[in-house]
file structure-v8.txt (compact mmCIF, C-alpha atoms and all ligand atoms)
# COMPACT_ATOMS: atom_id res chain seq x y z
CA MET G 1 -22.25 -3.72 -10.06
CA GLU G 2 -24.10 -3.07 -13.26
CA GLU G 3 -22.09 -0.10 -14.39
CA VAL G 4 -21.04 -1.40 -17.76
CA GLN G 5 -24.29 -2.97 -18.90
CA VAL G 6 -25.64 0.15 -20.62
CA LYS G 7 -22.48 0.52 -22.64
CA GLN G 8 -22.41 -3.06 -23.79
CA GLU G 9 -25.98 -2.82 -25.07
CA CYS G 10 -25.24 0.11 -27.37
CA GLY G 11 -21.95 -1.39 -28.53
CA LYS G 12 -19.75 1.21 -26.85
CA ARG G 13 -16.79 -0.02 -24.83
CA ASP G 14 -15.99 1.37 -21.36
CA PHE G 15 -13.46 0.42 -18.73
CA LEU G 16 -15.03 1.18 -15.37
CA GLY G 17 -13.88 -2.03 -13.75
CA PHE G 18 -13.19 -5.65 -14.58
CA SER G 19 -16.82 -6.68 -14.84
CA HIS G 20 -16.90 -6.89 -18.62
CA LEU G 21 -13.37 -8.13 -19.30
CA ASP G 22 -13.10 -11.87 -19.03
CA GLY G 23 -9.79 -13.48 -18.12
CA GLY G 24 -8.88 -14.25 -21.74
CA LYS G 25 -9.38 -10.62 -22.73
CA ILE G 26 -7.17 -9.46 -19.87
CA ILE G 27 -4.36 -11.74 -21.05
CA GLU G 28 -4.86 -10.42 -24.60
CA LEU G 29 -4.50 -6.91 -23.24
CA PHE G 30 -1.29 -7.91 -21.46
CA ASP G 31 0.14 -9.36 -24.68
CA TYR G 32 -0.70 -6.14 -26.47
CA SER G 33 0.90 -4.16 -23.62
CA LEU G 34 4.12 -6.15 -24.12
CA PHE G 35 4.00 -5.24 -27.80
CA ILE G 36 3.33 -1.55 -27.04
CA LYS G 37 6.18 -1.48 -24.52
CA LYS G 38 8.56 -3.06 -27.03
CA LYS G 39 7.47 -0.60 -29.74
CA ARG G 40 8.28 2.33 -27.46
CA LYS G 41 11.71 0.95 -26.69
CA GLU G 42 12.53 0.31 -30.33
CA GLY G 43 10.93 3.54 -31.52
CA ASP G 44 8.51 3.56 -34.45
CA PRO G 45 7.47 7.10 -35.41
CA GLY G 46 4.87 5.72 -37.84
CA PHE G 47 2.97 3.80 -35.16
CA LEU G 48 0.15 6.24 -34.35
CA PRO G 49 -3.01 4.21 -33.65
CA LEU G 50 -4.65 7.15 -31.83
CA ARG G 51 -4.11 9.62 -34.66
CA ASP G 52 -7.07 12.05 -34.84
CA LYS G 53 -8.36 10.86 -31.45
CA THR G 54 -8.98 13.34 -28.65
CA VAL G 55 -9.33 12.26 -25.04
CA ALA G 56 -10.91 14.49 -22.38
CA MET G 57 -9.57 13.74 -18.92
CA ILE G 58 -11.40 14.90 -15.81
CA PHE G 59 -9.52 14.98 -12.51
CA SER G 60 -11.56 15.71 -9.40
CA LYS G 61 -8.74 14.40 -7.16
CA PRO G 62 -4.96 14.93 -7.25
CA SER G 63 -2.76 12.74 -9.47
CA LEU G 64 0.81 12.36 -10.65
CA ARG G 65 1.17 8.92 -12.26
CA THR G 66 -2.29 8.64 -13.78
CA ARG G 67 -2.27 12.08 -15.32
CA VAL G 68 1.28 11.87 -16.68
CA SER G 69 0.95 8.32 -18.00
CA PHE G 70 -2.35 8.99 -19.77
CA GLU G 71 -1.28 12.33 -21.25
CA LEU G 72 2.07 10.99 -22.39
CA GLY G 73 0.61 7.72 -23.68
CA ILE G 74 -2.04 9.51 -25.75
CA HIS G 75 0.59 11.84 -27.19
CA GLU G 76 2.96 8.98 -28.03
CA LEU G 77 0.20 7.19 -29.95
CA GLY G 78 -0.59 10.26 -32.03
CA GLY G 79 -3.65 11.45 -30.11
CA TYR G 80 -4.41 14.61 -28.20
CA SER G 81 -5.51 14.99 -24.58
CA ILE G 82 -7.31 17.77 -22.76
CA THR G 83 -7.05 17.71 -18.97
CA LEU G 84 -9.93 19.26 -17.07
CA ASP G 85 -10.15 20.04 -13.40
CA GLY G 86 -13.29 18.44 -12.00
CA GLN G 87 -13.95 21.33 -9.63
CA SER G 88 -13.64 24.01 -12.29
CA ILE G 89 -15.92 22.30 -14.80
CA GLY G 90 -18.36 21.63 -11.96
CA LEU G 91 -19.34 18.09 -12.87
CA GLY G 92 -22.76 17.60 -11.27
CA THR G 93 -22.78 21.12 -9.77
CA ARG G 94 -22.21 23.75 -12.48
CA GLU G 95 -23.90 21.41 -14.93
CA SER G 96 -25.47 18.00 -14.74
CA VAL G 97 -23.43 14.83 -15.20
CA GLU G 98 -25.65 14.02 -18.15
CA ASP G 99 -24.97 17.32 -19.93
CA VAL G 100 -21.21 17.11 -19.35
CA ALA G 101 -21.08 13.53 -20.67
CA ARG G 102 -23.16 14.33 -23.75
CA LEU G 103 -21.27 17.54 -24.48
CA LEU G 104 -17.82 15.94 -24.16
CA SER G 105 -19.02 13.17 -26.48
CA ARG G 106 -19.55 15.77 -29.22
CA TYR G 107 -15.91 16.92 -29.09
CA ASN G 108 -13.89 13.88 -28.08
CA SER G 109 -13.18 10.21 -28.74
CA ALA G 110 -13.04 9.11 -25.07
CA ILE G 111 -13.35 10.32 -21.49
CA VAL G 112 -10.88 9.36 -18.75
CA ALA G 113 -12.14 10.36 -15.31
CA ARG G 114 -10.85 10.36 -11.73
CA LEU G 115 -13.84 11.10 -9.52
CA HIS G 116 -15.08 10.72 -5.97
CA GLU G 117 -18.30 8.68 -6.02
CA HIS G 118 -18.28 5.70 -8.34
CA ALA G 119 -21.96 6.40 -9.15
CA ILE G 120 -20.88 9.58 -10.93
CA ILE G 121 -18.59 7.75 -13.34
CA GLU G 122 -21.39 5.28 -13.98
CA GLY G 123 -23.56 8.29 -14.81
CA VAL G 124 -20.91 9.66 -17.17
CA ALA G 125 -20.66 6.28 -18.89
CA LYS G 126 -24.41 5.97 -19.13
CA HIS G 127 -24.83 9.30 -20.91
CA ALA G 128 -21.61 9.48 -22.95
CA SER G 129 -21.67 8.02 -26.44
CA ILE G 130 -17.87 7.53 -26.32
CA PRO G 131 -15.79 5.12 -24.18
CA VAL G 132 -15.28 6.07 -20.54
CA VAL G 133 -12.27 4.93 -18.49
CA ASN G 134 -12.15 4.85 -14.70
CA ALA G 135 -8.93 6.57 -13.58
CA LEU G 136 -9.87 5.99 -9.88
CA THR G 137 -12.99 6.45 -7.85
CA ASP G 138 -13.67 5.91 -4.16
CA LEU G 139 -14.70 2.37 -5.11
CA SER G 140 -12.01 1.17 -7.48
CA HIS G 141 -8.81 1.79 -9.41
CA PRO G 142 -8.79 -0.77 -12.22
CA CYS G 143 -6.08 0.89 -14.38
CA GLN G 144 -3.71 0.52 -11.43
CA VAL G 145 -4.44 -3.15 -10.90
CA LEU G 146 -4.18 -3.87 -14.63
CA ALA G 147 -0.66 -2.42 -14.56
CA ASP G 148 0.14 -4.35 -11.37
CA ALA G 149 -0.94 -7.72 -12.73
CA PHE G 150 0.80 -6.96 -16.03
CA THR G 151 4.02 -6.29 -14.11
CA LEU G 152 3.81 -9.80 -12.66
CA TYR G 153 2.82 -11.25 -16.06
CA GLU G 154 5.78 -9.72 -17.89
CA ARG G 155 8.12 -11.18 -15.28
CA SER G 156 6.52 -14.61 -15.82
CA LEU G 157 5.38 -14.56 -12.18
CA TRP G 158 1.67 -14.72 -12.93
CA HIS G 159 0.12 -18.18 -12.46
CA GLU G 160 -3.03 -19.50 -10.88
CA ASN G 161 -1.41 -20.25 -7.53
CA ILE G 162 0.42 -16.95 -7.13
CA LYS G 163 -0.26 -15.64 -3.62
CA VAL G 164 -0.81 -11.89 -3.70
CA VAL G 165 -1.09 -10.40 -0.21
CA PHE G 166 -2.44 -6.89 0.11
CA VAL G 167 -1.52 -5.51 3.53
CA GLY G 168 -3.51 -2.45 4.59
CA ASP G 169 -6.83 -0.82 3.88
CA GLY G 170 -9.71 -2.53 2.06
CA ASN G 171 -9.79 0.49 -0.24
CA ASN G 172 -10.32 1.23 -3.94
CA VAL G 173 -7.09 -0.52 -4.99
CA ALA G 174 -7.88 -3.58 -2.86
CA ASN G 175 -11.39 -3.63 -4.37
CA SER G 176 -9.93 -3.75 -7.87
CA TRP G 177 -7.68 -6.66 -6.88
CA ILE G 178 -10.80 -8.44 -5.68
CA GLU G 179 -12.60 -7.68 -8.95
CA LEU G 180 -9.60 -9.09 -10.81
CA ALA G 181 -9.82 -12.25 -8.71
CA GLY G 182 -13.29 -12.74 -10.19
CA ARG G 183 -11.77 -12.70 -13.67
CA LEU G 184 -8.37 -14.42 -13.43
CA PRO G 185 -7.54 -17.29 -11.09
CA PHE G 186 -5.02 -16.57 -8.33
CA HIS G 187 -4.78 -16.55 -4.54
CA PHE G 188 -5.66 -13.15 -3.10
CA VAL G 189 -5.31 -12.30 0.58
CA LEU G 190 -6.19 -8.99 2.16
CA ALA G 191 -4.82 -8.34 5.66
CA CYS G 192 -6.67 -5.35 7.09
CA PRO G 193 -7.73 -4.11 10.54
CA GLU G 194 -11.25 -4.99 11.67
CA GLY G 195 -13.66 -2.43 10.24
CA TYR G 196 -11.56 -1.69 7.16
CA THR G 197 -12.76 -4.55 4.98
CA PRO G 198 -13.32 -4.15 1.22
CA ASN G 199 -16.59 -3.55 -0.61
CA GLN G 200 -18.87 -6.46 0.28
CA GLY G 201 -20.70 -6.45 -3.07
CA LEU G 202 -17.47 -6.78 -5.04
CA LEU G 203 -16.20 -9.43 -2.65
CA ASP G 204 -19.38 -11.51 -2.93
CA ALA G 205 -19.40 -11.17 -6.72
CA ALA G 206 -15.76 -12.27 -7.01
CA ARG G 207 -16.29 -15.20 -4.65
CA GLU G 208 -19.37 -16.25 -6.59
CA LYS G 209 -17.24 -16.66 -9.71
CA GLY G 210 -15.39 -19.35 -7.78
CA ILE G 211 -12.16 -19.12 -9.77
CA SER G 212 -9.83 -17.62 -7.16
CA ARG G 213 -9.14 -18.25 -3.51
CA ILE G 214 -9.94 -14.98 -1.72
CA GLU G 215 -9.20 -14.52 1.98
CA ILE G 216 -9.81 -11.55 4.26
CA LEU G 217 -7.60 -11.79 7.35
CA HIS G 218 -6.77 -9.47 10.23
CA ASP G 219 -3.33 -10.85 11.08
CA PRO G 220 -0.62 -9.48 8.74
CA VAL G 221 1.92 -12.14 9.75
CA GLU G 222 -0.47 -15.01 9.01
CA ALA G 223 -1.37 -13.34 5.70
CA ALA G 224 2.22 -12.68 4.59
CA THR G 225 3.43 -16.22 5.25
CA ASP G 226 4.68 -17.74 1.97
CA ALA G 227 3.45 -14.80 -0.08
CA ASP G 228 4.72 -14.35 -3.64
CA VAL G 229 3.75 -10.69 -3.64
CA LEU G 230 3.42 -8.25 -0.75
CA TYR G 231 1.37 -5.25 -1.84
CA THR G 232 0.36 -2.10 -0.03
CA ASP G 233 -1.21 1.33 -0.49
CA VAL G 234 -1.61 4.41 1.68
CA TRP G 235 -3.56 3.99 4.89
CA THR G 236 -5.46 7.24 4.30
CA SER G 237 -6.88 7.59 0.80
CA MET G 238 -7.73 10.86 -0.90
CA GLY G 239 -10.85 12.25 0.74
CA GLN G 240 -10.25 10.53 4.12
CA GLU G 241 -7.76 13.09 5.47
CA GLN G 242 -9.87 13.83 8.55
CA GLU G 243 -9.44 10.17 9.65
CA LYS G 244 -5.66 10.24 9.33
CA GLN G 245 -4.71 10.17 13.04
CA GLU G 246 -7.12 7.35 13.86
CA ARG G 247 -5.92 5.38 10.85
CA LEU G 248 -2.25 5.84 11.80
CA ARG G 249 -3.05 4.17 15.14
CA LYS G 250 -5.19 1.34 13.77
CA PHE G 251 -2.95 0.45 10.84
CA ALA G 252 0.37 0.55 12.73
CA PRO G 253 0.68 -3.28 12.89
CA PHE G 254 0.04 -3.47 9.11
CA GLN G 255 3.32 -2.01 7.88
CA ILE G 256 5.31 -3.88 5.24
CA ASN G 257 8.80 -3.94 6.73
CA SER G 258 11.76 -6.32 6.76
CA ALA G 259 10.23 -8.47 9.53
CA LEU G 260 7.01 -8.97 7.57
CA LEU G 261 8.85 -9.50 4.31
CA ALA G 262 10.87 -12.27 6.00
CA LYS G 263 7.61 -14.24 6.35
CA ALA G 264 7.05 -14.21 2.58
CA LYS G 265 8.83 -16.50 0.14
CA PRO G 266 12.50 -15.57 -0.35
CA THR G 267 11.64 -14.83 -3.99
CA ALA G 268 8.75 -12.51 -3.08
CA VAL G 269 8.37 -9.12 -4.71
CA VAL G 270 7.03 -5.96 -3.07
CA MET G 271 4.51 -3.68 -4.77
CA HIS G 272 2.89 -0.35 -3.96
CA CYS G 273 0.67 1.73 -6.24
CA MET G 274 2.24 4.99 -4.97
CA PRO G 275 2.19 7.68 -3.68
CA ALA G 276 3.99 6.01 -0.76
CA HIS G 277 4.67 7.12 2.79
CA ARG G 278 7.88 5.57 4.05
CA GLY G 279 7.59 4.84 7.76
CA GLU G 280 3.81 4.36 7.54
CA GLU G 281 2.48 1.59 5.28
CA ILE G 282 5.97 0.61 4.12
CA SER G 283 9.43 0.97 5.63
CA ALA G 284 12.11 2.78 3.64
CA GLU G 285 14.39 -0.28 3.51
CA VAL G 286 11.68 -2.40 1.87
CA MET G 287 10.39 0.35 -0.43
CA ASP G 288 13.90 0.96 -1.76
CA GLY G 289 15.19 -2.59 -1.30
CA PRO G 290 16.08 -5.30 -3.83
CA GLN G 291 12.67 -7.01 -3.73
CA SER G 292 10.77 -3.84 -4.62
CA ILE G 293 9.35 -3.64 -8.15
CA ILE G 294 7.41 -0.49 -7.33
CA LEU G 295 8.85 1.76 -10.03
CA ASP G 296 8.37 -0.94 -12.67
CA GLU G 297 4.68 -1.13 -11.84
CA ALA G 298 4.41 2.66 -11.98
CA GLU G 299 6.09 2.71 -15.41
CA ASN G 300 3.75 -0.01 -16.61
CA ARG G 301 0.76 2.28 -16.08
CA LEU G 302 1.94 3.96 -19.28
CA HIS G 303 2.18 0.80 -21.39
CA VAL G 304 -1.02 -0.85 -20.17
CA GLN G 305 -3.13 2.29 -20.52
CA LYS G 306 -1.82 2.85 -24.04
CA ALA G 307 -2.85 -0.72 -24.86
CA LEU G 308 -6.25 -0.17 -23.27
CA LEU G 309 -6.88 3.02 -25.27
CA VAL G 310 -6.00 1.30 -28.54
CA LYS G 311 -8.38 -1.52 -27.60
CA LEU G 312 -11.16 0.99 -26.88
CA LEU G 313 -10.53 3.51 -29.68
CA ASN G 314 -8.95 1.57 -32.54
CA HIS G 315 -10.27 -1.93 -32.23
CA ASP G 316 -9.27 -2.81 -35.82
CA GLU G 317 -5.62 -2.14 -35.02
CA TYR G 318 -5.96 -4.10 -31.77
CA ARG G 319 -7.61 -7.05 -33.53
CA LYS G 320 -5.05 -7.02 -36.31
CA PHE G 321 -2.29 -7.41 -33.75
CA HIS G 322 -4.00 -10.38 -32.12
CA LEU G 323 -4.68 -12.15 -35.40
CA THR G 324 -1.04 -11.75 -36.42
CA HIS G 325 0.15 -12.66 -32.94
CA ARG G 326 -1.89 -15.86 -33.00
CA LEU G 327 -0.69 -16.84 -36.45
CA LEU G 328 2.93 -16.17 -35.60
CA ASN G 329 2.62 -17.97 -32.30
CA ALA G 330 1.02 -20.91 -34.05
CA SER G 331 3.97 -21.16 -36.39
CA LYS G 332 6.30 -20.69 -33.36
CA LYS G 333 8.28 -18.09 -35.26
CA ILE G 334 7.94 -15.26 -32.79
CA ARG G 335 6.96 -14.62 -29.20
CA TYR G 336 6.30 -11.16 -27.78
N1 LIG G 401 -1.08 5.28 -8.42
C1 LIG G 401 -1.70 6.37 -8.87
O1 LIG G 401 -2.82 6.33 -9.40
O2 LIG G 401 -0.99 7.51 -8.71
P1 LIG G 401 -1.56 8.99 -8.85
O3 LIG G 401 -2.61 9.16 -7.79
O4 LIG G 401 -0.39 9.91 -8.65
O5 LIG G 401 -2.15 9.16 -10.21
N1 LIG G 402 -6.09 4.45 -2.25
C1 LIG G 402 -5.40 5.60 -2.79
C2 LIG G 402 -4.84 5.28 -4.13
C3 LIG G 402 -3.99 6.37 -4.71
C4 LIG G 402 -3.46 6.01 -6.07
C5 LIG G 402 -6.34 6.78 -2.83
O1 LIG G 402 -7.48 6.62 -3.26
O2 LIG G 402 -5.92 7.89 -2.44

call {"tool": "encode", "arguments": {"input": "structure-v8.txt", "output": "structure tokens"}}
result
Amino acid sequence: MEEVQVKQECGKRDFLGFSHLDGGKIIELFDYSLFIKKKRKEGDPGFLPLRDKTVAMIFSKPSLRTRVSFELGIHELGGYSITLDGQSIGLGTRESVEDVARLLSRYNSAIVARLHEHAIIEGVAKHASIPVVNALTDLSHPCQVLADAFTLYERSLWHENIKVVFVGDGNNVANSWIELAGRLPFHFVLACPEGYTPNQGLLDAAREKGISRIEILHDPVEAATDADVLYTDVWTSMGQEQEKQERLRKFAPFQINSALLAKAKPTAVVMHCMPAHRGEEISAEVMDGPQSIILDEAENRLHVQKALLVKLLNHDEYRKFHLTHRLLNASKKIRY
């Protein structure tokens, strides 16, 4: 995974995955997300750190949360967003990835892209002179997992022994959890059917870091035992529709339902990146039950992505916050 190297060399910041954000920087981003969330609640019409910034967003796959949270977040911070349909602009077909990336860099301050092959977003990042953010590829979905971990952090649930159990497919969201486990210490368990394991390169890289315990199991009950978090995602991701029937059969024992939740700690929370299919990967009673924090994590996409965009596009503002935050924390006068 060398996707971000090019960008780092020329001083441009991208967010294609967790490979260039060390654990300390992730926690900094979470603290800034808390601040951004609080600002929104209190209301501060003068807080416009993305004023005069324009973000081009390319969607080659469907989206509800990602599109709404990015568009709204950019607007709330004083910026402007332009949403482009990947098929109609013909990224890599009507024109080359290189030309699209270089052209959009002339008009905009950043590119947010939801694409099929991860190699294409790497190509966009390589040729763009502005920051590029991964809004989901077949390989990973780092904005989602940032919001997920932030949701646990803001509830003071995040600690190095937290047991996060992902029940389902070793897909893009699971891959991003594994990438995160190479950056922040925690206990990550994926329970998936044989043959649906996550990306081996990302798994090896995360294990090599040696900071988290990472287990890949095929027994959901064993995996869920004493979990702090039970997490799931659709069994059939966008682009895999032709495999749906086979997947429904193979994943049937991997549903998060009341029986599986009973194996977790009594204090466990349930998460799902959504869209969700009640009766498939999650039962309705768990999805809508008291242990579900699913809508909180969806809301947090907004706050975390706003924080990320300020970090990428207005680093002075972002740094100013952290300097003040550190000083105030040091004097114990305030805690966000
Ligand atoms: N979780 C998520 O990314 O949702 P959308 O696909 O609707 O954007
Ligand atoms: N794994 C899912 C995530 C949707 C947010 C997909 O790629 O369709």

call {"tool": "residues_near_ligand", "arguments": {"input": "structure-v8.txt", "ligand": "ligand LIG 402 (chain G)", "cutoff": "8 Å", "atoms": "only C-alpha atoms and all ligand atoms", "output": "MDAnalysis selection string"}}
result
chainID G and resid 63 136:138 141 144 171:173 233:239 273:275

call {"tool": "residues_near_ligand", "arguments": {"input": "structure-v8.txt", "ligand": "ligand LIG 401 (chain G)", "cutoff": "12 Å", "atoms": "all atoms listed in the file", "output": "MDAnalysis selection string"}}
result
chainID G and resid 59:71 113:115 134:137 140:148 172:173 232:234 237:238 271:276 294:295 297:302 305

call {"tool": "atom_distance", "arguments": {"input": "structure-v8.txt", "atom1": "atom CA of G:Gly289", "atom2": "atom CA of G:Asp219"}}
result
23.8 Å

call {"tool": "closest_atom_pairs", "arguments": {"input": "structure-v8.txt", "of": "stretch 3-105 of chain G", "to": "stretch 183-201 of chain G", "cutoff": "12 Å", "atoms": "only C-alpha atoms", "output": "tab-separated table"}}
result
residue	atom	partner	partner_atom	distance
G:Gly17	CA	G:Arg183	CA	10.9
G:Phe18	CA	G:Arg183	CA	7.2
G:Ser19	CA	G:Arg183	CA	7.9
G:His20	CA	G:Arg183	CA	9.2
G:Leu21	CA	G:Arg183	CA	7.4
G:Asp22	CA	G:Arg183	CA	5.6
G:Gly23	CA	G:Arg183	CA	4.9
G:Gly24	CA	G:Leu184	CA	8.3
G:Lys25	CA	G:Arg183	CA	9.6
G:Ile26	CA	G:Leu184	CA	8.2
G:Ile27	CA	G:Leu184	CA	9.0

call {"tool": "atom_distance", "arguments": {"input": "structure-v8.txt", "atom1": "atom CA of G:Glu208", "atom2": "atom CA of G:Phe166"}}
result
20.5 Å

call {"tool": "decode", "arguments": {"input": "structure-v8.txt", "residues": "stretch 113-122 of chain G", "atoms": "all heavy atoms", "output": "mmCIF file, in the first residue's frame"}}
result
data_model
loop_
_atom_site.group_PDB
_atom_site.id
_atom_site.type_symbol
_atom_site.label_atom_id
_atom_site.label_comp_id
_atom_site.auth_asym_id
_atom_site.auth_seq_id
_atom_site.Cartn_x
_atom_site.Cartn_y
_atom_site.Cartn_z
ATOM 1 N N ALA G 113 -13.669 11.346 -3.571
ATOM 2 C CA ALA G 113 -14.088 10.403 -4.627
ATOM 3 C C ALA G 113 -14.528 9.058 -4.076
ATOM 4 O O ALA G 113 -13.868 8.475 -3.207
ATOM 5 C CB ALA G 113 -12.950 10.209 -5.628
ATOM 6 N N ARG G 114 -15.660 8.578 -4.584
ATOM 7 C CA ARG G 114 -16.141 7.213 -4.311
ATOM 8 C C ARG G 114 -16.046 6.455 -5.626
ATOM 9 O O ARG G 114 -16.782 6.738 -6.582
ATOM 10 C CB ARG G 114 -17.579 7.246 -3.802
ATOM 11 C CG ARG G 114 -18.219 5.867 -3.791
ATOM 12 C CD ARG G 114 -19.520 5.814 -3.035
ATOM 13 N NE ARG G 114 -19.289 5.886 -1.604
ATOM 14 C CZ ARG G 114 -20.199 5.580 -0.683
ATOM 15 N NH1 ARG G 114 -21.406 5.193 -1.044
ATOM 16 N NH2 ARG G 114 -19.918 5.667 0.596
ATOM 17 N N LEU G 115 -15.117 5.500 -5.682
ATOM 18 C CA LEU G 115 -14.806 4.831 -6.944
ATOM 19 C C LEU G 115 -14.828 3.317 -6.767
ATOM 20 O O LEU G 115 -14.911 2.812 -5.646
ATOM 21 C CB LEU G 115 -13.419 5.274 -7.434
ATOM 22 C CG LEU G 115 -13.193 6.799 -7.557
ATOM 23 C CD1 LEU G 115 -11.757 7.100 -7.953
ATOM 24 C CD2 LEU G 115 -14.156 7.415 -8.553
ATOM 25 N N HIS G 116 -14.709 2.623 -7.870
ATOM 26 C CA HIS G 116 -14.641 1.154 -7.816
ATOM 27 C C HIS G 116 -13.219 0.723 -7.417
ATOM 28 O O HIS G 116 -12.945 0.513 -6.246
ATOM 29 C CB HIS G 116 -15.077 0.553 -9.157
ATOM 30 C CG HIS G 116 -16.523 0.819 -9.451
ATOM 31 N ND1 HIS G 116 -17.529 -0.001 -9.008
ATOM 32 C CD2 HIS G 116 -17.132 1.838 -10.103
ATOM 33 C CE1 HIS G 116 -18.701 0.487 -9.392
ATOM 34 N NE2 HIS G 116 -18.478 1.603 -10.065
ATOM 35 N N GLU G 117 -12.335 0.641 -8.381
ATOM 36 C CA GLU G 117 -10.980 0.131 -8.076
ATOM 37 C C GLU G 117 -10.190 1.154 -7.259
ATOM 38 O O GLU G 117 -10.128 2.330 -7.621
ATOM 39 C CB GLU G 117 -10.185 -0.164 -9.350
ATOM 40 C CG GLU G 117 -10.780 -1.227 -10.237
ATOM 41 C CD GLU G 117 -11.709 -0.610 -11.267
ATOM 42 O OE1 GLU G 117 -11.735 0.626 -11.395
ATOM 43 O OE2 GLU G 117 -12.426 -1.374 -11.943
ATOM 44 N N HIS G 118 -9.526 0.655 -6.234
ATOM 45 C CA HIS G 118 -8.718 1.541 -5.402
ATOM 46 C C HIS G 118 -7.570 2.159 -6.212
ATOM 47 O O HIS G 118 -7.156 3.296 -5.964
ATOM 48 C CB HIS G 118 -8.171 0.762 -4.205
ATOM 49 C CG HIS G 118 -7.591 1.652 -3.150
ATOM 50 N ND1 HIS G 118 -8.372 2.356 -2.260
ATOM 51 C CD2 HIS G 118 -6.312 1.978 -2.862
ATOM 52 C CE1 HIS G 118 -7.601 3.071 -1.465
ATOM 53 N NE2 HIS G 118 -6.341 2.864 -1.808
ATOM 54 N N ALA G 119 -7.078 1.399 -7.212
ATOM 55 C CA ALA G 119 -5.952 1.898 -8.018
ATOM 56 C C ALA G 119 -6.325 3.210 -8.717
ATOM 57 O O ALA G 119 -5.457 4.054 -8.954
ATOM 58 C CB ALA G 119 -5.553 0.850 -9.051
ATOM 59 N N ILE G 120 -7.602 3.379 -9.007
ATOM 60 C CA ILE G 120 -8.011 4.622 -9.705
ATOM 61 C C ILE G 120 -7.878 5.817 -8.760
ATOM 62 O O ILE G 120 -7.418 6.887 -9.162
ATOM 63 C CB ILE G 120 -9.462 4.528 -10.231
ATOM 64 C CG1 ILE G 120 -9.654 3.258 -11.058
ATOM 65 C CG2 ILE G 120 -9.838 5.800 -11.003
ATOM 66 C CD1 ILE G 120 -9.510 3.377 -12.526
ATOM 67 N N ILE G 121 -8.269 5.637 -7.503
ATOM 68 C CA ILE G 121 -8.142 6.791 -6.589
ATOM 69 C C ILE G 121 -6.653 7.075 -6.323
ATOM 70 O O ILE G 121 -6.253 8.233 -6.159
ATOM 71 C CB ILE G 121 -8.980 6.620 -5.287
ATOM 72 C CG1 ILE G 121 -9.241 8.019 -4.701
ATOM 73 C CG2 ILE G 121 -8.311 5.736 -4.260
ATOM 74 C CD1 ILE G 121 -10.294 8.052 -3.619
ATOM 75 N N GLU G 122 -5.862 6.042 -6.310
ATOM 76 C CA GLU G 122 -4.411 6.274 -6.190
ATOM 77 C C GLU G 122 -3.910 7.083 -7.381
ATOM 78 O O GLU G 122 -3.075 7.975 -7.232
ATOM 79 C CB GLU G 122 -3.657 4.947 -6.109
ATOM 80 C CG GLU G 122 -3.862 4.226 -4.800
ATOM 81 C CD GLU G 122 -3.101 2.904 -4.754
ATOM 82 O OE1 GLU G 122 -2.503 2.519 -5.776
ATOM 83 O OE2 GLU G 122 -3.111 2.276 -3.698
#
